[in-house]
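Student: Here it is: the structure, laid out below.
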Amino acid sequence: MSPTTAMYVAQAIHGLAYGMLLFLVASGLTIIFGMMGILNLAHASFFMLSGYFCYTIITLTGDFWLALLIAPVGAGICGLLVERFLLRKVHVQGHLAELLLTVGLMLVILEVVKAGWGTESMMIKMPNGLDGLISVANMTYPVYRLFVIGLSLVVLGIMALILYKTRLGMIVRAAVSDADMVSALGINTPLVFMVVFGFGTWLAGVAGVVAAPLLTVFPGMADQIGMDAFVVVVVGGFGSLIGAFVVALFLGELNAYGIQFIPRLAPVLMFAFMAIVLAFKPMGFFGERE
Amino acid sequence: MLLEVKDLNTYYGESHVLQDMALSVDEGELVALLGRNGMGKSTTLKSIMGLVKPKSGTVVYKGKDIAGYPPYKVARVGIGYVPEERRIFPNLPVLDNLAIGIKGGKIDKGNPDAWTVDRVFKHFPALKARSGQKGSHLSGGEQQMLSIGRSLMGNPELIMVDEPTEGLAPFLVKEVRDMLEDINQTGVSILFVEHNLKVAMSLAHRLYLMGNACLAFTGTVEELDAQPEIRAKYLEV
Amino acid sequence: MNILETEGLYHDFTGLLVLFDVNLEVKEGERHAIIGPNGAGKTTLFNVITGTYSPSRGRVTFKGKEVTGWKPHKLTRVGMGRSFQITSTFSRLTTFQNIRMGILSKRRIRFNLFRKVDKMQNITEETDDVLKRINLDGERNLPASMLSYGKHRSLEISMALATDPDLVMLDEPTAGMSRDETHNAVELIRRLTEGKTMVIIEHDMDVVFSLADRITVLHLGRIVASGPPGEIRENQTVKDAYLGEVEV
Amino acid sequence: MRNNLSRWIYWVVGLVILAIYPQVVGIYYTNVFVGFAIFALYAVTLNLLLGYMGVLSFGHAMFFGVGAYSTALALTHIQGFPLLPALLVGGLAGAMLALILSPLLVRVSGTAFAMLTLAFGQLIFVLALKYREVTGGEDGVGGYPTPSFNIPGVVSIDMTDQINFYYFAVAVIIVCLWVLWFYTKTPFGSLVVGVRDNAMRIDYLGFKLSHTKAVNLIVSGCFAGIAGAIYALFQNLVSTLGVLDIGTSFAPILMAYIGGLGSFFGPIVGSGILHLLEDVTFRITEQIELVNGLVFILVVLYAPMGIVGLLRQAKAKWFHKEKVS
């Protein structure tokens, strides 16, 4: 294989890994939006928070796998609490109030993190065995990125199973189109909202831990992925998981190749892409409602 | 009394859309709620269901005041709701639409009277043929049947049906009317809002007539028939 | 002379055909009622004529000019006004402000940035004049959302008329009104549309037969009959399609 | 007549207070006031969209920032660029940006509008960061000359003097606020409110919805740009993180929301409250954003109608009681 091809393939894997991470973050965002109508601007903050949890757990125990297990759960619990004690209270005031509340939350989480862990970038070592390169068919791949892709696929699979094979999933899919009606059929929708919100933040948390060794942990670590996740949700269509998946992978690749060829314009490309899509499809590719 | 509503007051913002509303439904009864547009019929159902929060008043269901309960709790005490526009889940197949209505997700095997998918299909044969279709692919009449069937899956003792025949083709109007009567025969009480007077008068045991935001008349079909001036004032246009 | 004509109008919603070869003719100065059972396509026909949708096929001609696919604001500017079946006012604005919108439009005041609207004496006077004529001067400073149902409906109709259109399209103006309110609304409509052309969708046969010079019956997206009230009353197709059903 | 008289008295008293303010409080609070006034204007322009037209601009910093950068760049690169044109350049830049974006923005409302403005705001932020040779990136553009207020042959006032600048800025901002207030009272202003309540009906009354929205957008962008221009003159430094970042977009939303969306003056009150709060906070902690975040949360939870709304409620209650007793 020629070096150029190898480079293309390497970029593709980079893009795929980032796209998968992006999907983990965006999927929670889009389900929460679809069900509750809340555009959660603090969503990426949970991603970052989980990264810090991961750092602390690794510092204490030295075990990445333990961090992967616990940190996202910690982020998820924070999400549950936020839904239960803050968002639910302002639900009656409408979506603007909810949106602003998440803005406040975003600022608070950021400042709390800065106060608690400082503003330095902190390295997270890749777990043993995943830090090397693997060579297949004359080409080398970074193992960790393959691991990211694999893990994301597993999470994706579990999510699909829950969503399409369980009663909870059925309820969630129904609630995305009409939450009030679901409630009128005897389902405790406030509880479902809370669980889904928690699950969504857990997903962001998983992404946070997995991304930590790649991005390092610092207060700005959520900036790009948070913004990208919004683009994914908007372009893919509010509330559409399939849309989020397709667009996340596409953006991942766009990002990877963009950085390769036009480093300065790469982020611009993404926003331009979003503007073009919205100009023609204000609901996004797979969106059905405002 | 199965359901007894008293002094119910509901506001949308500052406008007082239900003023001291009162009504009752007995076991096995078929009760119609009539009135013109904008009088508060749908709001009455929504206030009972908890979809709109009433400001004051009592909603006593089987001896328990459920006013102000969230919708899911109202549903759990045994009230089914079939909304205007049907509001079926468009992206779910018919079977899943029905399954969502099952309380707790399991059909009570110990109860021989429990509603099952098969039993719903027996009442609405048209749905059976469409059981794999997505909700959005159904016709208006089929959606209405599905919406009623979905509420029955929760084994309610009372269902509240909002405008069951609205927007349906004439031959379907009669069909839906007959289905409601049929379901009532099985022991389910029904409170329904209807603006097709013919359907309402032929179906209901008892009627409530709403004037502006409050009750204007209550009685049997014969009693309303005997008072043409009331009918003229509140119903005919 | 026809003020409004449609020729071979078709419209469909993703595969579902709701208008089928509709040829409607409305003469200048006449009061034309469109009746038909629910789902016949009456409101869709209104929406296609007033520019909410473009028709899938066919032509709309207004005042001798082809206006197929024109947007609502353009149609309003050449003299078409409409009211809605579902009351559609500016809910947080007062009755006065609602009507004033129509007066501003009639006076072609759009991008005036140099005077306070409250200080425009002639606009205020004209608006108050309209309010008096529609018996809403007592509710002048009430937000539209606080009006009673009947008065809210009157406001809805009056907003369409405030722009002083040559052709008024009223979509079920008396829907949900009591008999007294209906009676008043009919009088109001009669008074306000003096000398104008009116097309009205209406379910109340008393209103239709007392108001209309000509009636068009729509059934399943097609025109099944069109003619003066007496003729329509006797038409067997119409009876089968529609009139037979509304009797209680 | 009496009403007119009392209005005059309010104006005169207000202006006298503004005139002697710097002498009374000293230079530090004079500058705090200028900061407050700039953001008051900026928050009012946001409320033209949010409170009047009913759409949330989530990237409003782009108008503010573009105005600030244009002024800063004009002053940096054009020798002897005069003061008032420097302000105009900022306003023009904001208006131009709004004009360019309007074909897209007028098509959407609700969440889509918020998202689209957020996206464009970020796009411009990223562009400014990347094109360092123009914008100076994170370091920004600074140290440009501050022109004097010059009417040839009549007067020349040195604007590097902070007291002088205070008078200049406050005068410009009062004029701008008055213009905007007048704008909301014009026939067109009443149309804008109509868009908020029922956008569809606007079209059926013969007004063109998209044009109406676009003009309001441009007015909002223009005055946000002017606010940015004053900021550029005031700070003598314009950096990406200072004028284009997401925090600069959130600030006016918070101000408008705290003050109350329903009134023209709400955002001004909101700006005042936040600036006071900031001043107090700085004495205790550096973490101004934490306080902002908490304020966001608390206001949404406990004062959804804003401070002006709370006052109105209290007033209504009070008068009600009075009537009863």
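By convention in this document, the chains of the structure tokens carry letters A, B, ... by their order, each chain's residues are numbered from 1, and ligands are numbered from 1 in the order they are shown.
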Check the DSSP output for the backbone and give back, as a PyMOL selection string, the residues of range 94-226 of chain D in helix (DSSP H, G or I).
Tutor: chain D and resi 94-105+110-130+132-135+162-185+187-197+199-204+209-226
Student: Residues at most 12 Å from Gly187 in chain B, counting only C-alpha atoms, excluding those fewer than 5 positions away in the same chain, as a ChimeraX atom specification?
Tutor: /B:26-30,113-114,152,155-159,180-182
Student: Return as a ChimeraX atom specification the residues belonging to chain D that are within 12 Å of chain C, counting only C-alpha atoms.
Tutor: /D:52,179-216,219,262
Student: Any idea which chain A residues end up within 7 Å of chain D if we count only C-alpha atoms, as an MDAnalysis selection string please?
Tutor: chainID A and resid 90 97 100:101 104:105 107:108 111 264 268 271 279 282
Student: Since we have the selection now, will you write its residues out, keeping C-alpha atoms, as a short mmCIF file (atom, residue, chain, number, x, y, z; two decimals), in the first residue's frame?
Tutor:
data_model
loop_
_atom_site.label_atom_id
_atom_site.label_comp_id
_atom_site.auth_asym_id
_atom_site.auth_seq_id
_atom_site.Cartn_x
_atom_site.Cartn_y
_atom_site.Cartn_z
CA VAL A 90 -39.08 24.96 35.42
CA ALA A 97 -36.60 28.86 30.72
CA LEU A 100 -31.50 29.25 30.04
CA LEU A 101 -31.32 26.99 33.03
CA GLY A 104 -26.53 28.56 33.89
CA LEU A 105 -25.70 24.97 34.64
CA LEU A 107 -21.34 27.99 33.54
CA VAL A 108 -21.58 26.57 37.05
CA GLU A 111 -16.41 27.02 37.24
CA ARG A 264 -7.77 26.58 8.98
CA VAL A 268 -15.74 26.62 9.11
CA PHE A 271 -20.77 25.32 10.19
CA ALA A 279 -31.39 26.66 4.60
CA PRO A 282 -35.01 23.67 8.62
#
Student: For Phe149 in chain D, work out the shell of residues within 7 Å, counting only C-alpha atoms and skipping chain neighbours fewer than 4 positions away, then give it as number ranges by chain.
Tutor: D: 83, 156-159
Student: Take the residues from that selection and put them in a file with N, CA, C and O atoms, as a PDB file, in the first residue's frame.
Tutor:
ATOM      1  N   LEU D  83     -13.865  60.088  15.132  1.00  0.00           N
ATOM      2  CA  LEU D  83     -14.597  59.400  16.188  1.00  0.00           C
ATOM      3  C   LEU D  83     -15.984  58.898  15.743  1.00  0.00           C
ATOM      4  O   LEU D  83     -16.288  57.713  15.853  1.00  0.00           O
ATOM      5  N   SER D 156     -12.613  70.560  20.237  1.00  0.00           N
ATOM      6  CA  SER D 156     -11.896  69.295  20.131  1.00  0.00           C
ATOM      7  C   SER D 156     -11.705  68.745  21.542  1.00  0.00           C
ATOM      8  O   SER D 156     -11.049  69.355  22.370  1.00  0.00           O
ATOM      9  N   ILE D 157     -12.361  67.615  21.789  1.00  0.00           N
ATOM     10  CA  ILE D 157     -12.315  67.070  23.142  1.00  0.00           C
ATOM     11  C   ILE D 157     -11.515  65.767  23.135  1.00  0.00           C
ATOM     12  O   ILE D 157     -11.746  64.876  22.320  1.00  0.00           O
ATOM     13  N   ASP D 158     -10.599  65.687  24.042  1.00  0.00           N
ATOM     14  CA  ASP D 158      -9.717  64.522  24.128  1.00  0.00           C
ATOM     15  C   ASP D 158     -10.466  63.331  24.716  1.00  0.00           C
ATOM     16  O   ASP D 158     -10.928  63.384  25.865  1.00  0.00           O
ATOM     17  N   MET D 159     -10.565  62.259  23.939  1.00  0.00           N
ATOM     18  CA  MET D 159     -11.351  61.109  24.394  1.00  0.00           C
ATOM     19  C   MET D 159     -10.525  60.095  25.172  1.00  0.00           C
ATOM     20  O   MET D 159     -11.041  59.093  25.649  1.00  0.00           O
TER      21      MET D 159
END
Student: Kindly provide, as a PDB file with N, CA and C atoms, in the first residue's frame, the residues of chain B having any atom no farther than 10 Å from an atom of chain A, counting only C-alpha atoms.
Tutor:
ATOM      1  N   LYS B  46     -59.723  17.204  29.814  1.00  0.00           N
ATOM      2  CA  LYS B  46     -58.296  17.355  30.121  1.00  0.00           C
ATOM      3  C   LYS B  46     -58.080  17.652  31.604  1.00  0.00           C
ATOM      4  N   MET B  49     -58.392  14.496  33.430  1.00  0.00           N
ATOM      5  CA  MET B  49     -57.258  13.619  33.127  1.00  0.00           C
ATOM      6  C   MET B  49     -55.963  14.134  33.751  1.00  0.00           C
ATOM      7  N   GLY B  50     -55.944  15.393  34.162  1.00  0.00           N
ATOM      8  CA  GLY B  50     -54.715  15.947  34.731  1.00  0.00           C
ATOM      9  C   GLY B  50     -53.788  16.542  33.695  1.00  0.00           C
ATOM     10  N   LEU B  51     -54.239  16.581  32.444  1.00  0.00           N
ATOM     11  CA  LEU B  51     -53.398  17.161  31.392  1.00  0.00           C
ATOM     12  C   LEU B  51     -53.387  18.679  31.507  1.00  0.00           C
ATOM     13  N   PRO B  70     -51.178  13.971  38.457  1.00  0.00           N
ATOM     14  CA  PRO B  70     -50.605  13.968  37.113  1.00  0.00           C
ATOM     15  C   PRO B  70     -51.317  12.902  36.260  1.00  0.00           C
ATOM     16  N   PRO B  71     -51.289  13.051  34.933  1.00  0.00           N
ATOM     17  CA  PRO B  71     -52.071  12.162  34.065  1.00  0.00           C
ATOM     18  C   PRO B  71     -51.827  10.673  34.322  1.00  0.00           C
ATOM     19  N   TYR B  72     -50.566  10.313  34.552  1.00  0.00           N
ATOM     20  CA  TYR B  72     -50.310   8.883  34.670  1.00  0.00           C
ATOM     21  C   TYR B  72     -50.988   8.287  35.898  1.00  0.00           C
ATOM     22  N   LYS B  73     -51.112   9.102  36.953  1.00  0.00           N
ATOM     23  CA  LYS B  73     -51.783   8.590  38.145  1.00  0.00           C
ATOM     24  C   LYS B  73     -53.286   8.475  37.905  1.00  0.00           C
ATOM     25  N   VAL B  74     -53.822   9.438  37.161  1.00  0.00           N
ATOM     26  CA  VAL B  74     -55.241   9.364  36.826  1.00  0.00           C
ATOM     27  C   VAL B  74     -55.500   8.112  36.003  1.00  0.00           C
ATOM     28  N   ALA B  75     -54.620   7.856  35.043  1.00  0.00           N
ATOM     29  CA  ALA B  75     -54.778   6.660  34.225  1.00  0.00           C
ATOM     30  C   ALA B  75     -54.710   5.416  35.092  1.00  0.00           C
ATOM     31  N   ARG B  76     -53.829   5.439  36.088  1.00  0.00           N
ATOM     32  CA  ARG B  76     -53.635   4.237  36.901  1.00  0.00           C
ATOM     33  C   ARG B  76     -54.814   3.937  37.813  1.00  0.00           C
ATOM     34  N   VAL B  77     -55.596   4.964  38.194  1.00  0.00           N
ATOM     35  CA  VAL B  77     -56.758   4.641  39.018  1.00  0.00           C
ATOM     36  C   VAL B  77     -57.876   4.036  38.170  1.00  0.00           C
ATOM     37  N   GLY B  78     -57.720   4.076  36.852  1.00  0.00           N
ATOM     38  CA  GLY B  78     -58.700   3.373  36.029  1.00  0.00           C
ATOM     39  C   GLY B  78     -59.459   4.210  35.020  1.00  0.00           C
ATOM     40  N   ILE B  79     -58.911   5.354  34.633  1.00  0.00           N
ATOM     41  CA  ILE B  79     -59.575   6.167  33.620  1.00  0.00           C
ATOM     42  C   ILE B  79     -58.762   6.131  32.329  1.00  0.00           C
ATOM     43  N   GLY B  80     -59.444   5.798  31.241  1.00  0.00           N
ATOM     44  CA  GLY B  80     -58.771   5.806  29.947  1.00  0.00           C
ATOM     45  C   GLY B  80     -59.116   7.083  29.206  1.00  0.00           C
ATOM     46  N   TYR B  81     -58.213   7.505  28.317  1.00  0.00           N
ATOM     47  CA  TYR B  81     -58.430   8.781  27.629  1.00  0.00           C
ATOM     48  C   TYR B  81     -58.182   8.600  26.144  1.00  0.00           C
ATOM     49  N   VAL B  82     -59.168   8.998  25.355  1.00  0.00           N
ATOM     50  CA  VAL B  82     -59.033   8.948  23.901  1.00  0.00           C
ATOM     51  C   VAL B  82     -59.143  10.390  23.401  1.00  0.00           C
ATOM     52  N   PRO B  83     -58.025  10.998  23.076  1.00  0.00           N
ATOM     53  CA  PRO B  83     -58.034  12.442  22.828  1.00  0.00           C
ATOM     54  C   PRO B  83     -58.602  12.806  21.461  1.00  0.00           C
ATOM     55  N   ARG B  86     -56.989  11.889  18.028  1.00  0.00           N
ATOM     56  CA  ARG B  86     -56.527  10.501  18.298  1.00  0.00           C
ATOM     57  C   ARG B  86     -55.148  10.379  18.903  1.00  0.00           C
ATOM     58  N   ARG B  87     -54.208  11.171  18.403  1.00  0.00           N
ATOM     59  CA  ARG B  87     -52.847  11.163  18.944  1.00  0.00           C
ATOM     60  C   ARG B  87     -52.262   9.772  19.130  1.00  0.00           C
ATOM     61  N   ILE B  88     -52.308   8.977  18.080  1.00  0.00           N
ATOM     62  CA  ILE B  88     -51.605   7.706  18.140  1.00  0.00           C
ATOM     63  C   ILE B  88     -50.126   7.981  17.879  1.00  0.00           C
ATOM     64  N   PHE B  89     -49.281   7.023  18.212  1.00  0.00           N
ATOM     65  CA  PHE B  89     -47.841   7.231  18.024  1.00  0.00           C
ATOM     66  C   PHE B  89     -47.473   6.890  16.585  1.00  0.00           C
ATOM     67  N   PRO B  90     -47.137   7.871  15.790  1.00  0.00           N
ATOM     68  CA  PRO B  90     -47.036   7.652  14.352  1.00  0.00           C
ATOM     69  C   PRO B  90     -45.887   6.724  13.957  1.00  0.00           C
ATOM     70  N   ASN B  91     -44.810   6.727  14.745  1.00  0.00           N
ATOM     71  CA  ASN B  91     -43.648   5.940  14.326  1.00  0.00           C
ATOM     72  C   ASN B  91     -43.644   4.525  14.913  1.00  0.00           C
ATOM     73  N   LEU B  92     -44.692   4.194  15.664  1.00  0.00           N
ATOM     74  CA  LEU B  92     -44.771   2.858  16.234  1.00  0.00           C
ATOM     75  C   LEU B  92     -45.815   2.030  15.473  1.00  0.00           C
ATOM     76  N   ASP B  96     -47.461  -2.117  18.833  1.00  0.00           N
ATOM     77  CA  ASP B  96     -46.760  -1.381  19.885  1.00  0.00           C
ATOM     78  C   ASP B  96     -47.628  -0.260  20.446  1.00  0.00           C
ATOM     79  N   ASN B  97     -48.405   0.362  19.569  1.00  0.00           N
ATOM     80  CA  ASN B  97     -49.328   1.379  20.054  1.00  0.00           C
ATOM     81  C   ASN B  97     -50.257   0.786  21.101  1.00  0.00           C
ATOM     82  N   ALA B  99     -49.611  -1.979  22.853  1.00  0.00           N
ATOM     83  CA  ALA B  99     -48.830  -2.483  23.987  1.00  0.00           C
ATOM     84  C   ALA B  99     -48.510  -1.372  24.985  1.00  0.00           C
ATOM     85  N   ILE B 100     -48.334  -0.152  24.485  1.00  0.00           N
ATOM     86  CA  ILE B 100     -48.020   0.948  25.401  1.00  0.00           C
ATOM     87  C   ILE B 100     -49.149   1.158  26.392  1.00  0.00           C
ATOM     88  N   GLY B 101     -50.373   0.850  25.967  1.00  0.00           N
ATOM     89  CA  GLY B 101     -51.507   1.053  26.859  1.00  0.00           C
ATOM     90  C   GLY B 101     -51.594   0.055  27.993  1.00  0.00           C
ATOM     91  N   ILE B 102     -50.813  -1.035  27.921  1.00  0.00           N
ATOM     92  CA  ILE B 102     -50.897  -2.049  28.972  1.00  0.00           C
ATOM     93  C   ILE B 102     -50.245  -1.522  30.243  1.00  0.00           C
ATOM     94  N   LYS B 103     -50.993  -1.504  31.310  1.00  0.00           N
ATOM     95  CA  LYS B 103     -50.445  -0.951  32.553  1.00  0.00           C
ATOM     96  C   LYS B 103     -49.354  -1.860  33.103  1.00  0.00           C
ATOM     97  N   GLY B 104     -48.218  -1.287  33.393  1.00  0.00           N
ATOM     98  CA  GLY B 104     -47.119  -2.052  33.957  1.00  0.00           C
ATOM     99  C   GLY B 104     -46.489  -3.008  32.952  1.00  0.00           C
ATOM    100  N   GLY B 105     -46.985  -2.995  31.727  1.00  0.00           N
ATOM    101  CA  GLY B 105     -46.344  -3.778  30.684  1.00  0.00           C
ATOM    102  C   GLY B 105     -46.739  -5.236  30.656  1.00  0.00           C
ATOM    103  N   ARG B 150     -56.206   1.330  22.331  1.00  0.00           N
ATOM    104  CA  ARG B 150     -55.037   1.601  23.160  1.00  0.00           C
ATOM    105  C   ARG B 150     -55.446   1.952  24.584  1.00  0.00           C
ATOM    106  N   SER B 151     -56.496   2.745  24.714  1.00  0.00           N
ATOM    107  CA  SER B 151     -56.912   3.116  26.066  1.00  0.00           C
ATOM    108  C   SER B 151     -57.538   1.924  26.783  1.00  0.00           C
ATOM    109  N   LEU B 152     -58.172   1.028  26.019  1.00  0.00           N
ATOM    110  CA  LEU B 152     -58.803  -0.136  26.650  1.00  0.00           C
ATOM    111  C   LEU B 152     -57.777  -1.118  27.201  1.00  0.00           C
ATOM    112  N   MET B 153     -56.590  -1.142  26.612  1.00  0.00           N
ATOM    113  CA  MET B 153     -55.560  -2.083  27.038  1.00  0.00           C
ATOM    114  C   MET B 153     -55.177  -1.875  28.502  1.00  0.00           C
ATOM    115  N   GLY B 154     -55.476  -0.722  29.040  1.00  0.00           N
ATOM    116  CA  GLY B 154     -55.178  -0.459  30.446  1.00  0.00           C
ATOM    117  C   GLY B 154     -56.313  -0.892  31.371  1.00  0.00           C
TER     118      GLY B 154
END
